[in-house]
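Colleague: Quick one: the structure is below, questions incoming.
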Amino acid sequence: MCLILIAFRSSAEYPLLVAANRDEFHARPTHPAEWWADDQDVVGGRDLQAGGTWLGLHRSGRFAAITNHRDAAPSRSGKRSRGHLVSEYLQGDVAPLEYLQSIDGDGYAGFNLLVSDGQSLASLSNRDGPARELAAGVYGLSNATLDTPWEKVQHGKRALNALLASNSINETALLRVLADREKGSAHDVASDHLPFATAHAITAPFIVLPEYGTRCSTVVVADRNGRWSLTERRFNPAGENAGESRFSFERVNRQ
């Protein structure tokens, strides 16, 4: 149950802010965020099982992130890895909305994808109509469509709006929002195939379970002068800090 909070052109100082938790099985092999060996203009983690990534940046100011859509039915075999939708956008030069409109959603299991070039932000879910360009504002995404009013999404958006209103934007404050381990009420627990205790645990913004949980928290900050930063904080199955990486760069025009 991942969580992505994004503020797009909601601050004169910071035109793009992202705070995201990646929740995944602890056994799934993953490479920490780094400048990619096969493309030194891209920074982000790598999924070593299926390829691609869940979130990344390009030096030109391209950003992309994806979450799985929580479907009741299991996905069919033969689908492409959703993580490639992120890496293909980052390494391409197509405008955000145009890129999303080119995707054959039937070729993938359920996904929710956000892409930006620093000038525009666009969204696509293959469970919810056509791609669309987003207006300036604060958005929340988990494992349903954009701004689905799950408590963790609503709570995260309120926290991000409060930081914007108080001019309190910084890496520490954004990571603190992501570190919230308070579970939702019993009414927020989805009625599906999961045991109640597990279903209740995943209502928290930060999830701690023996086999599944928040693997990393990522903060992206782009300022009005074209400076970008990405911070990734990683966690072990007990929810303890297992490492941290920071990257920064000035946006460059693509050749």
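Quick note on naming: the chains in the structure tokens go A, B, ... in the order shown, residues restart at 1 in each chain, and ligands are numbered from 1 in order of appearance.
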Just the alpha helix (DSSP H) stuff from region 40-252 of chain A, please, per backbone DSSP, written as a ChimeraX atom specification.

Modeller: /A:83-90,96-101,151-165,171-178,196-201

Colleague: Restricted to N, CA and C atoms, what would the selected residues look like written as a CSV table (one decimal), in the first residue's frame?

Modeller:
chain,number,residue,atom,x,y,z
A,83,GLY,N,7.0,-1.2,-13.7
A,83,GLY,CA,8.2,-0.3,-13.4
A,83,GLY,C,8.8,0.2,-14.6
A,84,HIS,N,8.7,-0.5,-15.8
A,84,HIS,CA,9.3,0.0,-17.0
A,84,HIS,C,8.5,1.3,-17.5
A,85,LEU,N,7.3,1.5,-17.1
A,85,LEU,CA,6.6,2.7,-17.5
A,85,LEU,C,7.3,4.0,-16.9
A,86,VAL,N,7.9,3.8,-15.7
A,86,VAL,CA,8.7,4.9,-15.1
A,86,VAL,C,10.0,5.1,-15.9
A,87,SER,N,10.8,4.1,-16.0
A,87,SER,CA,12.1,4.2,-16.6
A,87,SER,C,12.0,4.6,-18.1
A,88,GLU,N,11.0,4.2,-18.8
A,88,GLU,CA,10.9,4.6,-20.2
A,88,GLU,C,10.5,6.1,-20.3
A,89,TYR,N,9.7,6.6,-19.4
A,89,TYR,CA,9.4,8.0,-19.4
A,89,TYR,C,10.7,8.8,-19.1
A,90,LEU,N,11.4,8.4,-18.0
A,90,LEU,CA,12.5,9.2,-17.6
A,90,LEU,C,13.6,9.3,-18.7
A,96,PRO,N,4.7,14.9,-21.0
A,96,PRO,CA,4.0,14.1,-20.0
A,96,PRO,C,2.7,13.5,-20.6
A,97,LEU,N,1.8,14.4,-21.0
A,97,LEU,CA,0.5,13.9,-21.4
A,97,LEU,C,0.6,13.0,-22.6
A,98,GLU,N,1.4,13.4,-23.6
A,98,GLU,CA,1.6,12.7,-24.8
A,98,GLU,C,2.1,11.3,-24.5
A,99,TYR,N,3.1,11.2,-23.5
A,99,TYR,CA,3.6,9.9,-23.2
A,99,TYR,C,2.5,9.0,-22.6
A,100,LEU,N,1.7,9.5,-21.7
A,100,LEU,CA,0.7,8.7,-21.1
A,100,LEU,C,-0.4,8.3,-22.1
A,101,GLN,N,-0.7,9.1,-23.0
A,101,GLN,CA,-1.6,8.8,-24.1
A,101,GLN,C,-1.1,7.7,-25.0
A,151,GLU,N,-8.0,7.2,4.3
A,151,GLU,CA,-7.6,8.0,5.4
A,151,GLU,C,-6.1,8.4,5.3
A,152,LYS,N,-5.3,7.4,4.9
A,152,LYS,CA,-3.8,7.7,4.8
A,152,LYS,C,-3.5,8.8,3.8
A,153,VAL,N,-4.3,8.8,2.7
A,153,VAL,CA,-4.1,9.8,1.6
A,153,VAL,C,-4.6,11.1,2.1
A,154,GLN,N,-5.8,11.2,2.7
A,154,GLN,CA,-6.4,12.4,3.2
A,154,GLN,C,-5.5,13.0,4.3
A,155,HIS,N,-5.0,12.2,5.2
A,155,HIS,CA,-4.2,12.6,6.3
A,155,HIS,C,-2.8,13.2,5.8
A,156,GLY,N,-2.3,12.5,4.8
A,156,GLY,CA,-1.0,13.0,4.2
A,156,GLY,C,-1.2,14.3,3.5
A,157,LYS,N,-2.3,14.5,2.8
A,157,LYS,CA,-2.5,15.7,2.1
A,157,LYS,C,-2.7,16.9,3.1
A,158,ARG,N,-3.4,16.6,4.1
A,158,ARG,CA,-3.6,17.6,5.2
A,158,ARG,C,-2.2,18.0,5.7
A,159,ALA,N,-1.4,17.1,6.0
A,159,ALA,CA,-0.1,17.4,6.6
A,159,ALA,C,0.8,18.2,5.6
A,160,LEU,N,0.7,17.8,4.3
A,160,LEU,CA,1.5,18.5,3.3
A,160,LEU,C,1.0,20.0,3.2
A,161,ASN,N,-0.3,20.1,3.1
A,161,ASN,CA,-0.9,21.5,3.0
A,161,ASN,C,-0.5,22.3,4.2
A,162,ALA,N,-0.4,21.7,5.4
A,162,ALA,CA,-0.1,22.5,6.6
A,162,ALA,C,1.4,22.9,6.5
A,163,LEU,N,2.3,22.1,6.0
A,163,LEU,CA,3.7,22.5,5.8
A,163,LEU,C,3.8,23.7,4.8
A,164,LEU,N,3.0,23.6,3.8
A,164,LEU,CA,3.0,24.7,2.7
A,164,LEU,C,2.5,26.0,3.4
A,165,ALA,N,1.4,25.9,4.1
A,165,ALA,CA,0.8,27.1,4.7
A,165,ALA,C,1.7,27.7,5.7
A,171,GLU,N,13.4,18.8,4.1
A,171,GLU,CA,13.5,17.3,4.0
A,171,GLU,C,13.0,16.7,5.3
A,172,THR,N,13.4,17.2,6.4
A,172,THR,CA,13.1,16.5,7.7
A,172,THR,C,11.6,16.5,8.0
A,173,ALA,N,10.9,17.6,7.7
A,173,ALA,CA,9.5,17.7,7.9
A,173,ALA,C,8.7,16.8,6.9
A,174,LEU,N,9.2,16.6,5.7
A,174,LEU,CA,8.5,15.7,4.8
A,174,LEU,C,8.7,14.3,5.2
A,175,LEU,N,9.9,13.9,5.6
A,175,LEU,CA,10.2,12.6,6.1
A,175,LEU,C,9.4,12.3,7.3
A,176,ARG,N,9.1,13.3,8.1
A,176,ARG,CA,8.3,13.0,9.3
A,176,ARG,C,6.9,12.7,8.9
A,177,VAL,N,6.4,13.4,7.9
A,177,VAL,CA,5.0,13.0,7.4
A,177,VAL,C,4.9,11.6,7.0
A,178,LEU,N,6.0,11.1,6.3
A,178,LEU,CA,6.0,9.7,5.8
A,178,LEU,C,6.2,8.7,6.9
A,196,PHE,N,-7.7,-9.5,9.1
A,196,PHE,CA,-8.0,-8.2,9.6
A,196,PHE,C,-6.7,-7.5,10.1
A,197,ALA,N,-5.9,-8.2,10.9
A,197,ALA,CA,-4.7,-7.5,11.4
A,197,ALA,C,-3.8,-7.0,10.4
A,198,THR,N,-3.6,-7.7,9.3
A,198,THR,CA,-2.8,-7.3,8.2
A,198,THR,C,-3.5,-6.1,7.4
A,199,ALA,N,-4.8,-6.3,7.2
A,199,ALA,CA,-5.5,-5.2,6.5
A,199,ALA,C,-5.5,-3.9,7.3
A,200,HIS,N,-5.6,-4.0,8.6
A,200,HIS,CA,-5.5,-2.9,9.5
A,200,HIS,C,-4.2,-2.2,9.5
A,201,ALA,N,-3.1,-3.0,9.5
A,201,ALA,CA,-1.7,-2.5,9.5
A,201,ALA,C,-1.4,-1.7,8.3

Colleague: With a distance cut-off of 9 Å and only C-alpha atoms, select the neighbouring residues of Val220 (chain A), excluding the residue or stretch itself and same-chain residues fewer than 4 positions from it, and output the selection as a PyMOL selection string.

Modeller: chain A and resi 16-20+57+171+228-232

Colleague: Could you work out how far CA of Ala109 (chain A) lies from CA of Ala33 (chain A), giving the answer in Å with one decimal?

Modeller: 24.5 Å

Colleague: To one decimal place in Å, what is the distance between CA of Asn170 (chain A) and CA of Gly137 (chain A)?

Modeller: 18.2 Å

Colleague: Near Leu55 (chain A), counting only C-alpha atoms, which residues have an atom at most 8 Å away, once you skip same-chain residues fewer than 3 positions from it, shown as a list in words?

Modeller: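 Residues meeting the cut-off are Gly44, Gly45, Phe63, Ala64, Ala65, Ile66 and Val86 of chain A.
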
Colleague: Do you know which residues are at most 10 Å from Ala135 (chain A) counting only C-alpha atoms, after dropping those on the same chain fewer than 2 positions away, and could you put them as a PDB file with C-alpha atoms, in the first residue's frame?

Modeller:
ATOM      1  CA  PHE A   8       2.679  20.843  -7.903  1.00  0.00           C
ATOM      2  CA  ARG A   9       3.057  24.620  -8.258  1.00  0.00           C
ATOM      3  CA  SER A  10       1.543  25.105  -4.804  1.00  0.00           C
ATOM      4  CA  SER A 120       3.394  20.089 -16.406  1.00  0.00           C
ATOM      5  CA  LEU A 121       2.155  17.134 -14.383  1.00  0.00           C
ATOM      6  CA  ALA A 122      -0.018  14.342 -15.779  1.00  0.00           C
ATOM      7  CA  ARG A 132      -5.181  13.867 -17.879  1.00  0.00           C
ATOM      8  CA  GLU A 133      -3.031  16.896 -17.169  1.00  0.00           C
ATOM      9  CA  GLY A 137      -2.423  21.676  -6.327  1.00  0.00           C
ATOM     10  CA  VAL A 138      -1.737  19.013  -3.731  1.00  0.00           C
TER      11      VAL A 138
END

Colleague: Calculated over only C-alpha atoms, which of the candidates A:Val115, A:Val189, A:Ile4, A:Leu141 has the smallest distance to Ser217 (chain A)?

Modeller: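 Residue with the minimum atom-to-atom distance to Ser217 (chain A): A:Ile4.
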
Colleague: Using only C-alpha atoms, can you tell me which of A:Val219, A:Cys2, A:Ala144, A:Arg80 comes closest to Ala204 (chain A)?

Modeller: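 Counting only C-alpha atoms, the residue closest to Ala204 (chain A) is A:Cys2.
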
Colleague: So how far away is CA of Asp117 (chain A) from CA of Leu5 (chain A), in Å?

Modeller: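 Pair CA of Leu5 (chain A) / CA of Asp117 (chain A) returns 17.2 Å.
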